[in-house]
file protein-v6.cif (mmCIF, C-alpha atoms and all ligand atoms)
data_input
#
loop_
_atom_site.group_PDB
_atom_site.id
_atom_site.type_symbol
_atom_site.label_atom_id
_atom_site.label_comp_id
_atom_site.auth_asym_id
_atom_site.auth_seq_id
_atom_site.Cartn_x
_atom_site.Cartn_y
_atom_site.Cartn_z
ATOM 1 C CA MET G 1 0.514 -2.869 22.503
ATOM 2 C CA PHE G 2 -2.997 -2.986 21.078
ATOM 3 C CA SER G 3 -5.034 -5.521 19.126
ATOM 4 C CA PRO G 4 -5.564 -4.149 15.636
ATOM 5 C CA ARG G 5 -9.116 -4.105 14.358
ATOM 6 C CA SER G 6 -10.314 -4.265 10.787
ATOM 7 C CA ILE G 7 -12.100 -1.130 9.554
ATOM 8 C CA GLY G 8 -13.014 -2.694 6.208
ATOM 9 C CA VAL G 9 -11.710 -4.466 3.129
ATOM 10 C CA VAL G 10 -10.258 -3.434 -0.229
ATOM 11 C CA ARG G 11 -11.891 -4.597 -3.444
ATOM 12 C CA THR G 12 -9.313 -4.889 -6.215
ATOM 13 C CA PRO G 13 -9.023 -6.655 -9.595
ATOM 14 C CA TYR G 14 -6.302 -8.941 -8.164
ATOM 15 C CA SER G 15 -7.039 -12.452 -6.883
ATOM 16 C CA GLN G 16 -3.419 -13.656 -7.090
ATOM 17 C CA THR G 17 -0.161 -11.877 -6.291
ATOM 18 C CA LYS G 18 1.254 -12.673 -9.747
ATOM 19 C CA GLU G 19 -1.398 -10.379 -11.291
ATOM 20 C CA ILE G 20 -0.101 -7.313 -9.401
ATOM 21 C CA PRO G 21 2.498 -5.293 -11.363
ATOM 22 C CA LYS G 22 5.947 -5.437 -9.704
ATOM 23 C CA GLY G 23 9.507 -4.353 -10.221
ATOM 24 C CA LEU G 24 11.530 -1.269 -10.922
ATOM 25 C CA GLY G 25 9.593 1.824 -11.983
ATOM 26 C CA VAL G 26 6.222 0.091 -11.735
ATOM 27 C CA LYS G 27 3.157 2.353 -11.650
ATOM 28 C CA HIS G 28 -0.060 1.230 -9.972
ATOM 29 C CA GLU G 29 -3.015 2.567 -11.931
ATOM 30 C CA ALA G 30 -5.641 -0.065 -11.099
ATOM 31 C CA GLN G 31 -8.882 1.100 -9.589
ATOM 32 C CA GLY G 32 -10.452 -0.411 -6.500
ATOM 33 C CA VAL G 33 -12.950 0.251 -3.748
ATOM 34 C CA LEU G 34 -12.261 0.696 -0.042
ATOM 35 C CA GLU G 35 -15.332 -0.819 1.628
ATOM 36 C CA ILE G 36 -15.452 0.650 5.096
ATOM 37 C CA SER G 37 -17.514 -1.235 7.711
ATOM 38 C CA PRO G 38 -20.844 0.398 8.601
ATOM 39 C CA GLU G 39 -19.673 0.957 12.205
ATOM 40 C CA PHE G 40 -16.873 3.248 10.952
ATOM 41 C CA GLU G 41 -18.772 5.134 8.209
ATOM 42 C CA SER G 42 -19.119 8.281 10.353
ATOM 43 C CA GLY G 43 -15.309 8.367 10.491
ATOM 44 C CA LEU G 44 -15.299 9.156 6.751
ATOM 45 C CA ALA G 45 -16.890 12.573 7.293
ATOM 46 C CA ASP G 46 -14.945 15.252 5.336
ATOM 47 C CA ILE G 47 -12.625 12.753 3.632
ATOM 48 C CA GLU G 48 -13.942 13.825 0.186
ATOM 49 C CA GLY G 49 -11.822 16.974 0.306
ATOM 50 C CA PHE G 50 -8.569 15.041 0.073
ATOM 51 C CA SER G 51 -7.172 13.978 -3.278
ATOM 52 C CA HIS G 52 -4.986 11.166 -1.919
ATOM 53 C CA LEU G 53 -5.112 8.847 1.077
ATOM 54 C CA PHE G 54 -2.702 6.632 2.951
ATOM 55 C CA VAL G 55 -4.214 3.151 3.283
ATOM 56 C CA VAL G 56 -2.767 1.062 6.117
ATOM 57 C CA TRP G 57 -3.534 -2.602 5.563
ATOM 58 C CA VAL G 58 -2.579 -6.183 6.418
ATOM 59 C CA PHE G 59 -0.492 -8.529 4.266
ATOM 60 C CA ASP G 60 -3.031 -11.154 5.305
ATOM 61 C CA ARG G 61 -1.807 -13.746 2.793
ATOM 62 C CA SER G 62 1.919 -13.566 3.448
ATOM 63 C CA GLU G 63 3.731 -15.938 5.784
ATOM 64 C CA GLY G 64 6.758 -15.348 7.962
ATOM 65 C CA PHE G 65 9.423 -12.749 7.353
ATOM 66 C CA GLU G 66 12.996 -12.351 6.256
ATOM 67 C CA ARG G 67 15.341 -9.777 7.808
ATOM 68 C CA TYR G 68 17.483 -9.609 4.675
ATOM 69 C CA GLY G 69 16.636 -10.917 1.259
ATOM 70 C CA PRO G 70 15.838 -10.462 -2.418
ATOM 71 C CA THR G 71 13.402 -7.940 -3.906
ATOM 72 C CA PRO G 72 11.892 -7.887 -7.417
ATOM 73 C CA ALA G 73 13.248 -4.338 -7.883
ATOM 74 C CA ASP G 74 16.961 -5.187 -7.659
ATOM 75 C CA ASN G 75 19.441 -8.013 -8.200
ATOM 76 C CA ARG G 76 20.996 -7.361 -4.769
ATOM 77 C CA PRO G 77 19.400 -8.348 -1.442
ATOM 78 C CA HIS G 78 18.383 -5.647 1.063
ATOM 79 C CA GLY G 79 17.275 -5.371 4.692
ATOM 80 C CA VAL G 80 13.524 -5.805 5.104
ATOM 81 C CA PHE G 81 13.145 -2.293 6.515
ATOM 82 C CA ALA G 82 14.785 -0.851 3.403
ATOM 83 C CA THR G 83 12.129 -2.503 1.205
ATOM 84 C CA ARG G 84 8.373 -2.757 0.829
ATOM 85 C CA SER G 85 8.427 -6.553 1.110
ATOM 86 C CA PRO G 86 5.196 -8.309 2.182
ATOM 87 C CA ARG G 87 7.305 -10.620 4.389
ATOM 88 C CA ARG G 88 7.964 -8.396 7.423
ATOM 89 C CA PRO G 89 7.888 -8.909 11.212
ATOM 90 C CA ASN G 90 4.588 -7.012 11.420
ATOM 91 C CA PRO G 91 2.782 -7.671 8.116
ATOM 92 C CA ILE G 92 1.534 -4.119 7.585
ATOM 93 C CA GLY G 93 1.154 -2.597 4.113
ATOM 94 C CA LEU G 94 1.015 1.103 3.264
ATOM 95 C CA THR G 95 -0.319 2.366 -0.067
ATOM 96 C CA VAL G 96 -1.062 5.883 -1.290
ATOM 97 C CA VAL G 97 -4.214 5.927 -3.421
ATOM 98 C CA GLU G 98 -6.012 8.681 -5.312
ATOM 99 C CA LEU G 99 -9.556 9.226 -4.034
ATOM 100 C CA LEU G 100 -11.826 9.357 -7.078
ATOM 101 C CA ARG G 101 -15.182 9.585 -5.286
ATOM 102 C CA ARG G 102 -17.054 8.636 -2.167
ATOM 103 C CA ASP G 103 -20.305 6.752 -2.285
ATOM 104 C CA GLY G 104 -21.394 6.426 1.351
ATOM 105 C CA ARG G 105 -19.041 3.978 3.011
ATOM 106 C CA PHE G 106 -17.466 3.033 -0.339
ATOM 107 C CA LEU G 107 -14.397 4.962 -1.454
ATOM 108 C CA HIS G 108 -13.531 4.581 -5.130
ATOM 109 C CA VAL G 109 -9.782 4.898 -5.545
ATOM 110 C CA ARG G 110 -6.955 4.529 -8.063
ATOM 111 C CA GLY G 111 -3.559 3.004 -7.345
ATOM 112 C CA VAL G 112 -4.333 -0.232 -5.499
ATOM 113 C CA ASP G 113 -1.561 -2.829 -5.179
ATOM 114 C CA MET G 114 -3.223 -5.284 -2.805
ATOM 115 C CA LEU G 115 -5.151 -8.517 -3.243
ATOM 116 C CA ASP G 116 -8.931 -8.466 -3.381
ATOM 117 C CA GLY G 117 -10.431 -8.744 0.104
ATOM 118 C CA THR G 118 -7.366 -7.366 1.907
ATOM 119 C CA THR G 119 -8.081 -6.105 5.426
ATOM 120 C CA ILE G 120 -7.840 -2.342 5.996
ATOM 121 C CA LEU G 121 -6.534 -1.121 9.354
ATOM 122 C CA ASP G 122 -6.610 2.636 8.886
ATOM 123 C CA LEU G 123 -6.979 5.557 6.462
ATOM 124 C CA LYS G 124 -5.284 8.933 6.724
ATOM 125 C CA PRO G 125 -5.194 11.918 4.398
ATOM 126 C CA TYR G 126 -1.979 11.978 2.368
ATOM 127 C CA MET G 127 0.279 14.936 2.970
ATOM 128 C CA SER G 128 3.961 15.497 2.578
ATOM 129 C CA SER G 129 5.966 18.600 3.330
ATOM 130 C CA ILE G 130 9.273 17.158 2.170
ATOM 131 C CA PRO G 131 10.543 18.956 -0.933
ATOM 132 C CA ALA G 132 11.499 16.615 -3.792
ATOM 133 C CA GLU G 133 15.126 17.826 -3.710
ATOM 134 C CA LYS G 134 15.471 16.642 -0.102
ATOM 135 C CA LEU G 135 14.358 13.078 -0.819
ATOM 136 C CA ARG G 136 16.986 10.337 -1.161
ATOM 137 C CA ARG G 137 15.932 7.000 -2.615
ATOM 138 C CA GLY G 138 18.936 4.860 -1.652
ATOM 139 C CA TRP G 139 19.442 1.532 -3.413
ATOM 140 C CA LEU G 140 16.319 2.079 -5.522
ATOM 141 C CA ALA G 141 17.871 5.097 -7.257
ATOM 142 C CA GLU G 142 21.025 3.038 -7.888
ATOM 143 C CA ALA G 143 18.989 0.186 -9.376
ATOM 144 C CA GLU G 144 17.089 2.622 -11.617
ATOM 145 C CA ALA G 145 20.341 4.212 -12.816
ATOM 146 C CA ALA G 146 21.826 0.763 -13.524
ATOM 147 C CA GLN G 147 18.749 -0.202 -15.543
ATOM 148 C CA LYS G 148 19.017 2.941 -17.713
ATOM 149 C CA SER G 149 22.729 2.480 -18.474
HETATM 150 C C1 LIG J 1 5.685 -4.823 -2.648
HETATM 151 S S1 LIG J 1 4.213 -4.862 -1.666
HETATM 152 C C2 LIG J 1 3.933 -3.144 -1.434
HETATM 153 C C3 LIG J 1 2.645 -2.906 -0.731
HETATM 154 C C4 LIG J 1 2.503 -1.489 -0.177
HETATM 155 N N1 LIG J 1 2.484 -0.479 -1.228
HETATM 156 C C5 LIG J 1 3.586 -1.193 0.810
HETATM 157 O O1 LIG J 1 4.535 -0.498 0.471
HETATM 158 O O2 LIG J 1 3.489 -1.639 1.961
HETATM 159 C C6 LIG J 1 2.968 -5.271 -2.822
HETATM 160 C C7 LIG J 1 2.916 -6.764 -3.012
HETATM 161 O O3 LIG J 1 2.373 -7.362 -1.850
HETATM 162 C C8 LIG J 1 1.705 -8.566 -2.180
HETATM 163 N N2 LIG J 1 0.356 -8.507 -1.599
HETATM 164 C C9 LIG J 1 -0.660 -7.695 -1.938
HETATM 165 N N3 LIG J 1 -1.723 -7.912 -1.156
HETATM 166 C C10 LIG J 1 -1.354 -8.880 -0.285
HETATM 167 C C11 LIG J 1 -2.029 -9.528 0.788
HETATM 168 N N4 LIG J 1 -3.265 -9.234 1.142
HETATM 169 N N5 LIG J 1 -1.338 -10.486 1.474
HETATM 170 C C12 LIG J 1 -0.077 -10.810 1.136
HETATM 171 N N6 LIG J 1 0.601 -10.232 0.129
HETATM 172 C C13 LIG J 1 -0.029 -9.275 -0.567
HETATM 173 C C14 LIG J 1 1.689 -8.654 -3.703
HETATM 174 O O4 LIG J 1 2.728 -9.528 -4.084
HETATM 175 C C15 LIG J 1 2.007 -7.234 -4.136
HETATM 176 O O5 LIG J 1 2.677 -7.193 -5.365
#

call {"tool": "encode", "arguments": {"input": "protein-v6.cif", "output": "structure tokens", "more": "lines below"}}
Ligand SMILES: C[S@@+](CC[C@H](N)C(=O)[O-])C[C@H]1O[C@@H](n2cnc3c(N)ncnc32)[C@H](O)[C@@H]1O
result
Amino acid sequence: MFSPRSIGVVRTPYSQTKEIPKGLGVKHEAQGVLEISPEFESGLADIEGFSHLFVVWVFDRSEGFERYGPTPADNRPHGVFATRSPRRPNPIGLTVVELLRRDGRFLHVRGVDMLDGTTILDLKPYMSSIPAEKLRRGWLAEAEAAQKS
């Protein structure tokens, strides 16, 4: 194993979890800034060419974990690895954001769903080669269908 290191923090409009939109069909449109530490700025070279990024981050204000439990997106409990719950054995978050612009070591993005000051572990360019018709969305699709009916 390795000891994770922070590469920066996320600036978002959210100081409390209750302010972050949740639940079925939620869209994250809030803008934020990924503030990358000066020691890693050279690692941002050429990132401007990508429209979207994966942000790997730490649920640094969640405690403990539950293997099986409730989620705000459904009235049935699910296994932690079938959800995006903050309460997981390794408290790692993953968010896809749209890169709006780069200003030195500051990346202005849209689509943040983390608390202000959240620790960033990594950034990667977003890419997916999976065609939409091959994607299955499990219990989430069932919950969405139930909500519509
Ligand atoms: C459902 S999780 C999804 C996060 C990410 N998109 C993912 O899939 O890993 C988002 C929720 O995590 C919680 N959260 C956000 N930032 C956090 C932080 N720094 N520490 C603990 N919980 C956090 C908030 O309740 C927020 O609504």

call {"tool": "resolve_selection", "arguments": {"input": "protein-v6.cif", "expression": "the PyMOL selection byres (((chain G and resi 126-134) around 8) and not hetatm)", "output": "short mmCIF file (atom, residue, chain, number, x, y, z; two decimals) with C-alpha atoms, in the coordinates of the input"}}
result
data_model
loop_
_atom_site.label_atom_id
_atom_site.label_comp_id
_atom_site.auth_asym_id
_atom_site.auth_seq_id
_atom_site.Cartn_x
_atom_site.Cartn_y
_atom_site.Cartn_z
CA PHE G 50 -8.57 15.04 0.07
CA SER G 51 -7.17 13.98 -3.28
CA HIS G 52 -4.99 11.17 -1.92
CA LEU G 53 -5.11 8.85 1.08
CA PHE G 54 -2.70 6.63 2.95
CA VAL G 96 -1.06 5.88 -1.29
CA LYS G 124 -5.28 8.93 6.72
CA PRO G 125 -5.19 11.92 4.40
CA LEU G 135 14.36 13.08 -0.82
CA ARG G 136 16.99 10.34 -1.16
#

call {"tool": "closest_atom_pairs", "arguments": {"input": "protein-v6.cif", "of": "chain G", "to": "ligand LIG 1 (chain J)", "cutoff": "7 Å", "atoms": "only C-alpha atoms and all ligand atoms", "output": "Markdown table"}}
result
| residue | atom | partner | partner_atom | distance |
| --- | --- | --- | --- | --- |
| G:Thr17 | CA | J:LIG1 | O4 | 4.3 |
| G:Lys18 | CA | J:LIG1 | O4 | 6.6 |
| G:Ile20 | CA | J:LIG1 | O5 | 4.9 |
| G:Pro21 | CA | J:LIG1 | O5 | 6.3 |
| G:Lys22 | CA | J:LIG1 | O5 | 5.7 |
| G:Val58 | CA | J:LIG1 | N4 | 6.1 |
| G:Phe59 | CA | J:LIG1 | N5 | 3.5 |
| G:Asp60 | CA | J:LIG1 | N5 | 4.2 |
| G:Arg61 | CA | J:LIG1 | N5 | 3.5 |
| G:Ser62 | CA | J:LIG1 | C12 | 4.1 |
| G:Arg84 | CA | J:LIG1 | O1 | 4.5 |
| G:Ser85 | CA | J:LIG1 | C1 | 5.0 |
| G:Pro86 | CA | J:LIG1 | O3 | 5.0 |
| G:Ile92 | CA | J:LIG1 | O2 | 6.4 |
| G:Gly93 | CA | J:LIG1 | O2 | 3.3 |
| G:Leu94 | CA | J:LIG1 | O2 | 3.9 |
| G:Thr95 | CA | J:LIG1 | N1 | 4.2 |
| G:Asp113 | CA | J:LIG1 | C6 | 5.7 |
| G:Met114 | CA | J:LIG1 | N3 | 3.4 |
| G:Leu115 | CA | J:LIG1 | N3 | 4.1 |
| G:Thr118 | CA | J:LIG1 | N4 | 4.6 |

call {"tool": "residues_around", "arguments": {"input": "protein-v6.cif", "residues": "His78 of chain G", "least_positions_apart": "6", "cutoff": "9 Å", "atoms": "only C-alpha atoms", "output": "count of residues only"}}
result
6

call {"tool": "closest_residue", "arguments": {"input": "protein-v6.cif", "among": "G:Ile120, G:Leu140, G:Val56, G:Leu44", "to": "Ala82 of chain G", "atoms": "all atoms listed in the file"}}
result
G:Leu140

call {"tool": "closest_residue", "arguments": {"input": "protein-v6.cif", "among": "G:Glu19, G:Val9, G:Val33, G:His28", "to": "Phe106 of chain G", "atoms": "only C-alpha atoms"}}
result
G:Val33

call {"tool": "decode", "arguments": {"input": "protein-v6.cif", "residues": "segment 46-61 of chain G", "atoms": "all heavy atoms", "output": "compact mmCIF listing (two decimals), in the first residue's frame"}}
result
# COMPACT_ATOMS: atom_id res chain seq x y z
N ASP G 46 -0.86 20.75 -20.23
CA ASP G 46 -1.69 20.15 -21.29
C ASP G 46 -3.09 19.74 -20.82
O ASP G 46 -3.85 19.15 -21.60
CB ASP G 46 -1.00 18.93 -21.93
CG ASP G 46 0.37 19.29 -22.45
OD1 ASP G 46 0.52 20.43 -22.94
OD2 ASP G 46 1.30 18.48 -22.33
N ILE G 47 -3.45 20.03 -19.59
CA ILE G 47 -4.78 19.62 -19.11
C ILE G 47 -5.89 20.45 -19.76
O ILE G 47 -7.03 20.00 -19.87
CB ILE G 47 -4.84 19.70 -17.56
CG1 ILE G 47 -5.91 18.74 -17.04
CG2 ILE G 47 -5.05 21.12 -17.06
CD1 ILE G 47 -5.80 18.44 -15.57
N GLU G 48 -5.53 21.65 -20.25
CA GLU G 48 -6.55 22.56 -20.83
C GLU G 48 -7.29 21.94 -22.00
O GLU G 48 -8.41 22.34 -22.33
CB GLU G 48 -5.92 23.87 -21.34
CG GLU G 48 -5.17 24.68 -20.34
CD GLU G 48 -3.70 24.29 -20.24
OE1 GLU G 48 -3.36 23.12 -20.55
OE2 GLU G 48 -2.90 25.14 -19.84
N GLY G 49 -6.67 20.99 -22.67
CA GLY G 49 -7.29 20.40 -23.86
C GLY G 49 -8.43 19.45 -23.56
O GLY G 49 -9.15 19.02 -24.47
N PHE G 50 -8.64 19.14 -22.30
CA PHE G 50 -9.70 18.18 -21.95
C PHE G 50 -10.94 18.92 -21.43
O PHE G 50 -10.82 19.83 -20.61
CB PHE G 50 -9.18 17.19 -20.90
CG PHE G 50 -8.13 16.28 -21.46
CD1 PHE G 50 -6.79 16.63 -21.39
CD2 PHE G 50 -8.48 15.12 -22.12
CE1 PHE G 50 -5.80 15.82 -21.94
CE2 PHE G 50 -7.51 14.31 -22.68
CZ PHE G 50 -6.17 14.66 -22.59
N SER G 51 -12.08 18.49 -21.90
CA SER G 51 -13.32 19.17 -21.50
C SER G 51 -13.76 18.76 -20.10
O SER G 51 -14.35 19.55 -19.37
CB SER G 51 -14.45 18.87 -22.49
OG SER G 51 -14.74 17.48 -22.50
N HIS G 52 -13.50 17.49 -19.74
CA HIS G 52 -13.96 16.99 -18.45
C HIS G 52 -12.82 16.24 -17.74
O HIS G 52 -11.95 15.65 -18.40
CB HIS G 52 -15.15 16.04 -18.64
CG HIS G 52 -16.39 16.74 -19.12
ND1 HIS G 52 -16.56 17.11 -20.43
CD2 HIS G 52 -17.50 17.15 -18.45
CE1 HIS G 52 -17.73 17.73 -20.56
NE2 HIS G 52 -18.32 17.75 -19.37
N LEU G 53 -12.88 16.27 -16.42
CA LEU G 53 -11.85 15.62 -15.61
C LEU G 53 -12.49 14.72 -14.57
O LEU G 53 -13.58 15.04 -14.05
CB LEU G 53 -11.02 16.67 -14.85
CG LEU G 53 -10.35 17.76 -15.70
CD1 LEU G 53 -9.71 18.79 -14.76
CD2 LEU G 53 -9.30 17.15 -16.62
N PHE G 54 -11.80 13.64 -14.25
CA PHE G 54 -12.13 12.87 -13.04
C PHE G 54 -11.38 13.54 -11.89
O PHE G 54 -10.16 13.76 -12.00
CB PHE G 54 -11.59 11.44 -13.12
CG PHE G 54 -12.34 10.50 -14.01
CD1 PHE G 54 -11.71 9.95 -15.12
CD2 PHE G 54 -13.64 10.12 -13.74
CE1 PHE G 54 -12.37 9.04 -15.94
CE2 PHE G 54 -14.30 9.21 -14.55
CZ PHE G 54 -13.67 8.67 -15.66
N VAL G 55 -12.09 13.83 -10.80
CA VAL G 55 -11.44 14.32 -9.59
C VAL G 55 -11.55 13.22 -8.54
O VAL G 55 -12.65 12.76 -8.22
CB VAL G 55 -12.12 15.60 -9.05
CG1 VAL G 55 -11.37 16.14 -7.84
CG2 VAL G 55 -12.23 16.66 -10.13
N VAL G 56 -10.41 12.77 -8.04
CA VAL G 56 -10.37 11.76 -6.98
C VAL G 56 -10.09 12.52 -5.68
O VAL G 56 -9.11 13.26 -5.60
CB VAL G 56 -9.25 10.72 -7.25
CG1 VAL G 56 -9.26 9.65 -6.17
CG2 VAL G 56 -9.40 10.11 -8.64
N TRP G 57 -10.96 12.34 -4.70
CA TRP G 57 -10.85 13.17 -3.50
C TRP G 57 -11.20 12.38 -2.24
O TRP G 57 -11.61 11.22 -2.32
CB TRP G 57 -11.72 14.42 -3.64
CG TRP G 57 -13.16 14.20 -4.07
CD1 TRP G 57 -13.62 14.03 -5.35
CD2 TRP G 57 -14.33 14.14 -3.22
NE1 TRP G 57 -14.99 13.89 -5.35
CE2 TRP G 57 -15.45 13.95 -4.06
CE3 TRP G 57 -14.53 14.26 -1.85
CZ2 TRP G 57 -16.75 13.86 -3.57
CZ3 TRP G 57 -15.82 14.18 -1.36
CH2 TRP G 57 -16.91 13.98 -2.22
N VAL G 58 -11.04 13.04 -1.09
CA VAL G 58 -11.25 12.36 0.19
C VAL G 58 -12.54 12.84 0.86
O VAL G 58 -12.73 14.05 0.99
CB VAL G 58 -10.07 12.64 1.17
CG1 VAL G 58 -10.24 11.83 2.44
CG2 VAL G 58 -8.75 12.35 0.51
N PHE G 59 -13.38 11.90 1.29
CA PHE G 59 -14.52 12.25 2.14
C PHE G 59 -13.93 12.56 3.51
O PHE G 59 -13.99 11.74 4.44
CB PHE G 59 -15.50 11.08 2.24
CG PHE G 59 -16.30 10.81 0.98
CD1 PHE G 59 -16.06 9.68 0.21
CD2 PHE G 59 -17.32 11.67 0.58
CE1 PHE G 59 -16.82 9.41 -0.93
CE2 PHE G 59 -18.08 11.41 -0.57
CZ PHE G 59 -17.83 10.28 -1.33
N ASP G 60 -13.32 13.74 3.64
CA ASP G 60 -12.54 14.00 4.86
C ASP G 60 -13.41 14.37 6.05
O ASP G 60 -12.91 14.50 7.17
CB ASP G 60 -11.45 15.06 4.60
CG ASP G 60 -11.96 16.27 3.84
OD1 ASP G 60 -13.19 16.52 3.82
OD2 ASP G 60 -11.12 16.99 3.27
N ARG G 61 -14.73 14.54 5.83
CA ARG G 61 -15.61 14.83 6.96
C ARG G 61 -16.67 13.75 7.15
O ARG G 61 -17.74 14.00 7.70
CB ARG G 61 -16.24 16.21 6.79
CG ARG G 61 -15.28 17.30 7.30
CD ARG G 61 -15.49 18.62 6.66
NE ARG G 61 -14.71 18.74 5.43
CZ ARG G 61 -14.71 19.82 4.65
NH1 ARG G 61 -15.45 20.86 4.97
NH2 ARG G 61 -13.96 19.84 3.56
